[in-house]
Amino acid sequence: MNYQIIKEFPHPMMEKGKRPVISIYVETNIKKPDRLENPIRFKNLVKEVQASLKDKEFKRFKDLFLLFKEMEEDALFWEGATESLAILGDEEECIVYKLPVSVKSLAIVSDSYYIKPILRSFQSYGHYHVLGLNRDNFILYEASCDGIHKIPVDQQDSTMEGVLGTEKTAPHLSVASIGGDQTMYHGHGGAKDERKVDQEKFFRHVDAFILEQYSHPYKIPLILMGLDEHQGEFRKLSKNNYLIDEGIKIDGESLDKKSFYEKIQGVMKELFKKELKVRIDFFAEAHAKDLGSDDLVQIGRAIAEGRVATLYLEENTVHPGLFDPNQGTIIQGEIENPRVGDVYDDMAEVVLSRGGEVLILEKDEMPTQSDLAALYRY
């Protein structure tokens, strides 16, 4: 058995229906010498998993535990660790998420995977495009919670020379005779005017190209990075609804990769905060009209009826027990029991499977004092 490092969520393995399954979250140190503790922390979490399994179940997971041992001893695996790791496995398969946010170390054996920390990571950092633009060319990037990657674009589409070619604006000259054999040439508009015309043509091409080839197909936010003057001109003519207002007013080529990614993360965090405020205000209005609730029992019933549009869950909270997705009922339990998981996590899975949305929030971000809330469709 081997593991796979995964970048998409959800993953098909989560829908296989194997029971029980194992979820391990490792809060990692990324600086020396503290990062030497990471494999030790993982080893202890694996021991917790093994202790919660029955003998028959333990034998079924033999290959997975052998893989865990290999991972523990693999220096390269821990060398590339991020702020935290999510390691999910059943008796046949194992996947790993490298998360850019710190997650509390945790080991759970239950009938379904524990996914709230992964949800939190994907919602905060999302998936988006970054357009690095200057007067003569552009570079396009794809960014997500696992990093930033340059998207190859042919020079015929990414440079002014490739786009305009022989269509570049030529100086316009008029001729006047001043007597005898002498001729005077008058230029209408200087080189500055010609550059402005060409820049507008190029920017219009960039806007149409990105919109057609990337924004429309992928439907994800577009962040503009470039000097203030180029940002202003591009935004005036852009027809791309995915272009967000918050840009990065600097030439991206002047930054190293880490600084570049940090600036992009900052923009996405601010965007998420603004969207969250709108959602919280909307919840308050809905709650007043009985179209929202923070009562566990009521929310359970609403999930079973398919009425939950958005489920709000407080980060790092675990409500041990079982959730019946058909009846909406809840049975309390102990997390040490391998047949008992996190009720909130189970609720999140059901809401997602029925086309709803789940938001994992910090305590002070929650719309009420409760650690869960829901916005109803009707």
# chains A, B, ... in the order shown; residues from 1 in each chain; ligands from 1

$ residues_around --residues "Ser353 in chain A" --least-positions-apart "5" --cutoff "12 Å" --atoms "only C-alpha atoms" --output "list in words"
Pro10, Met14, Glu15, Ile303, Ala304, Gly306, Val308, Ala309, Pro325, Asp346, Met347, Ala348 and Val358 of chain A

$ residues_around --residues "range 198-210 of chain A" --least-positions-apart "4" --cutoff "8 Å" --atoms "only C-alpha atoms" --output "list in words"
Arg135, Asp136, Phe138, Asp157, Ser158, Met160, Val163, Leu164, Lys168, Thr169, Glu194, Tyr214, Ser215, Glu233, Phe234, Leu237, Ser238, Lys239 and Asn240 of chain A

$ write_last_selection --atoms "N, CA and C atoms" --output "PDB file, in the first residue's frame"
ATOM      1  N   ARG A 135       3.067  46.186 -18.795  1.00  0.00           N
ATOM      2  CA  ARG A 135       2.695  46.801 -20.076  1.00  0.00           C
ATOM      3  C   ARG A 135       2.890  45.873 -21.268  1.00  0.00           C
ATOM      4  N   ASP A 136       3.893  45.014 -21.212  1.00  0.00           N
ATOM      5  CA  ASP A 136       4.266  44.242 -22.396  1.00  0.00           C
ATOM      6  C   ASP A 136       3.887  42.762 -22.344  1.00  0.00           C
ATOM      7  N   PHE A 138       1.976  39.285 -19.727  1.00  0.00           N
ATOM      8  CA  PHE A 138       1.336  38.853 -18.486  1.00  0.00           C
ATOM      9  C   PHE A 138       1.771  37.426 -18.167  1.00  0.00           C
ATOM     10  N   ASP A 157      -0.038  34.732 -27.070  1.00  0.00           N
ATOM     11  CA  ASP A 157      -1.166  35.272 -26.310  1.00  0.00           C
ATOM     12  C   ASP A 157      -0.743  36.068 -25.083  1.00  0.00           C
ATOM     13  N   SER A 158       0.490  35.877 -24.635  1.00  0.00           N
ATOM     14  CA  SER A 158       0.896  36.481 -23.361  1.00  0.00           C
ATOM     15  C   SER A 158       1.788  37.707 -23.499  1.00  0.00           C
ATOM     16  N   MET A 160       2.773  41.486 -25.731  1.00  0.00           N
ATOM     17  CA  MET A 160       2.264  42.477 -26.672  1.00  0.00           C
ATOM     18  C   MET A 160       2.782  42.210 -28.074  1.00  0.00           C
ATOM     19  N   VAL A 163       0.829  39.355 -29.576  1.00  0.00           N
ATOM     20  CA  VAL A 163      -0.577  39.678 -29.836  1.00  0.00           C
ATOM     21  C   VAL A 163      -0.728  40.675 -30.982  1.00  0.00           C
ATOM     22  N   LEU A 164       0.031  41.754 -30.932  1.00  0.00           N
ATOM     23  CA  LEU A 164      -0.133  42.817 -31.931  1.00  0.00           C
ATOM     24  C   LEU A 164       0.719  42.598 -33.177  1.00  0.00           C
ATOM     25  N   LYS A 168       1.022  46.789 -34.512  1.00  0.00           N
ATOM     26  CA  LYS A 168       1.409  47.858 -33.590  1.00  0.00           C
ATOM     27  C   LYS A 168       1.188  49.211 -34.251  1.00  0.00           C
ATOM     28  N   THR A 169       0.745  50.158 -33.450  1.00  0.00           N
ATOM     29  CA  THR A 169       0.435  51.492 -33.985  1.00  0.00           C
ATOM     30  C   THR A 169       1.710  52.181 -34.474  1.00  0.00           C
ATOM     31  N   GLU A 194       1.249  56.485 -28.971  1.00  0.00           N
ATOM     32  CA  GLU A 194       1.234  55.197 -29.672  1.00  0.00           C
ATOM     33  C   GLU A 194       1.308  54.047 -28.676  1.00  0.00           C
ATOM     34  N   TYR A 214     -10.112  30.853 -19.046  1.00  0.00           N
ATOM     35  CA  TYR A 214      -9.901  30.446 -17.645  1.00  0.00           C
ATOM     36  C   TYR A 214     -11.056  30.814 -16.706  1.00  0.00           C
ATOM     37  N   SER A 215     -11.479  32.061 -16.695  1.00  0.00           N
ATOM     38  CA  SER A 215     -12.498  32.472 -15.721  1.00  0.00           C
ATOM     39  C   SER A 215     -13.848  31.811 -15.976  1.00  0.00           C
ATOM     40  N   GLU A 233      -5.675  51.048 -15.534  1.00  0.00           N
ATOM     41  CA  GLU A 233      -6.049  50.961 -16.946  1.00  0.00           C
ATOM     42  C   GLU A 233      -6.756  49.649 -17.247  1.00  0.00           C
ATOM     43  N   PHE A 234      -6.269  48.568 -16.679  1.00  0.00           N
ATOM     44  CA  PHE A 234      -6.874  47.267 -16.960  1.00  0.00           C
ATOM     45  C   PHE A 234      -8.290  47.182 -16.382  1.00  0.00           C
ATOM     46  N   LEU A 237     -11.256  48.781 -18.413  1.00  0.00           N
ATOM     47  CA  LEU A 237     -11.786  48.113 -19.604  1.00  0.00           C
ATOM     48  C   LEU A 237     -12.210  46.667 -19.378  1.00  0.00           C
ATOM     49  N   SER A 238     -11.870  46.091 -18.221  1.00  0.00           N
ATOM     50  CA  SER A 238     -12.148  44.675 -17.986  1.00  0.00           C
ATOM     51  C   SER A 238     -13.649  44.382 -17.912  1.00  0.00           C
ATOM     52  N   LYS A 239     -14.033  43.262 -18.507  1.00  0.00           N
ATOM     53  CA  LYS A 239     -15.411  42.778 -18.463  1.00  0.00           C
ATOM     54  C   LYS A 239     -15.508  41.473 -17.669  1.00  0.00           C
ATOM     55  N   ASN A 240     -14.459  41.177 -16.905  1.00  0.00           N
ATOM     56  CA  ASN A 240     -14.385  39.909 -16.176  1.00  0.00           C
ATOM     57  C   ASN A 240     -15.027  40.057 -14.791  1.00  0.00           C
TER      58      ASN A 240
END

$ residues_around --residues "Glu8 in chain A" --least-positions-apart "2" --cutoff "12 Å" --atoms "only C-alpha atoms" --output "list in words"
Gln4, Ile5, Ile6, Pro10, His11, Pro12, Met13, Met14, Ile95, Val96, Tyr97, Lys98, Leu99, Ile118, Leu119, Ser121, Phe122, Gly126, His127, Ser144, Cys145 and Asp146 of chain A

$ residues_around --residues "range 20-22 of chain A" --least-positions-apart "5" --cutoff "8 Å" --atoms "only C-alpha atoms" --output "JSON, numbers by chain"
{"A": [49, 88, 89, 90, 91, 107, 108, 109, 110, 111, 112, 113, 338, 339]}

$ select_by_dssp --residues "range 99-175 of chain A" --states "alpha helix (DSSP H)" --output "count of residues only"
19

$ residues_around --residues "range 264-273 of chain A" --least-positions-apart "4" --cutoff "12 Å" --atoms "only C-alpha atoms" --output "PyMOL selection string"
chain A and resi 100-101+120-132+141-148+220-225+244-250+252+255+257-260+277-280+359-362+365

$ closest_residue --among "A:Phe283, A:Glu262, A:Gly356, A:Gly341" --to "Arg307 in chain A" --atoms "only C-alpha atoms"
A:Gly356

$ residues_around --residues "Val318 in chain A" --least-positions-apart "3" --cutoff "9 Å" --atoms "only C-alpha atoms" --output "MDAnalysis selection string"
chainID A and resid 315 335 341:345

$ atom_distance --atom1 "CA of Arg235 in chain A" --atom2 "CA of Thr159 in chain A"
18.5 Å

$ residues_around --residues "Cys94 in chain A" --least-positions-apart "6" --cutoff "8 Å" --atoms "only C-alpha atoms" --output "list of chain:residue names"
A:Met1, A:Asn2, A:Tyr3, A:Gln4, A:Leu64, A:Ile87, A:Leu88

$ select_by_dssp --residues "range 59-295 of chain A" --states "strand (DSSP E or B)" --output "PyMOL selection string"
chain A and resi 84-89+94-99+106-110+127-133+137-144+147-151+159+172-177+183-188+222-225+243+248+292-293

$ closest_residue --among "A:Tyr218, A:Phe61, A:Trp78, A:Phe9" --to "Ile40 in chain A" --atoms "only C-alpha atoms"
A:Trp78

$ atom_distance --atom1 "CA of Ala86 in chain A" --atom2 "CA of Leu67 in chain A"
14.9 Å

$ atom_distance --atom1 "CA of Glu79 in chain A" --atom2 "CA of Phe65 in chain A"
20.9 Å

$ closest_residue --among "A:Asp324, A:Glu72, A:Glu48, A:Glu349" --to "Ile115 in chain A" --atoms "only C-alpha atoms"
A:Glu349
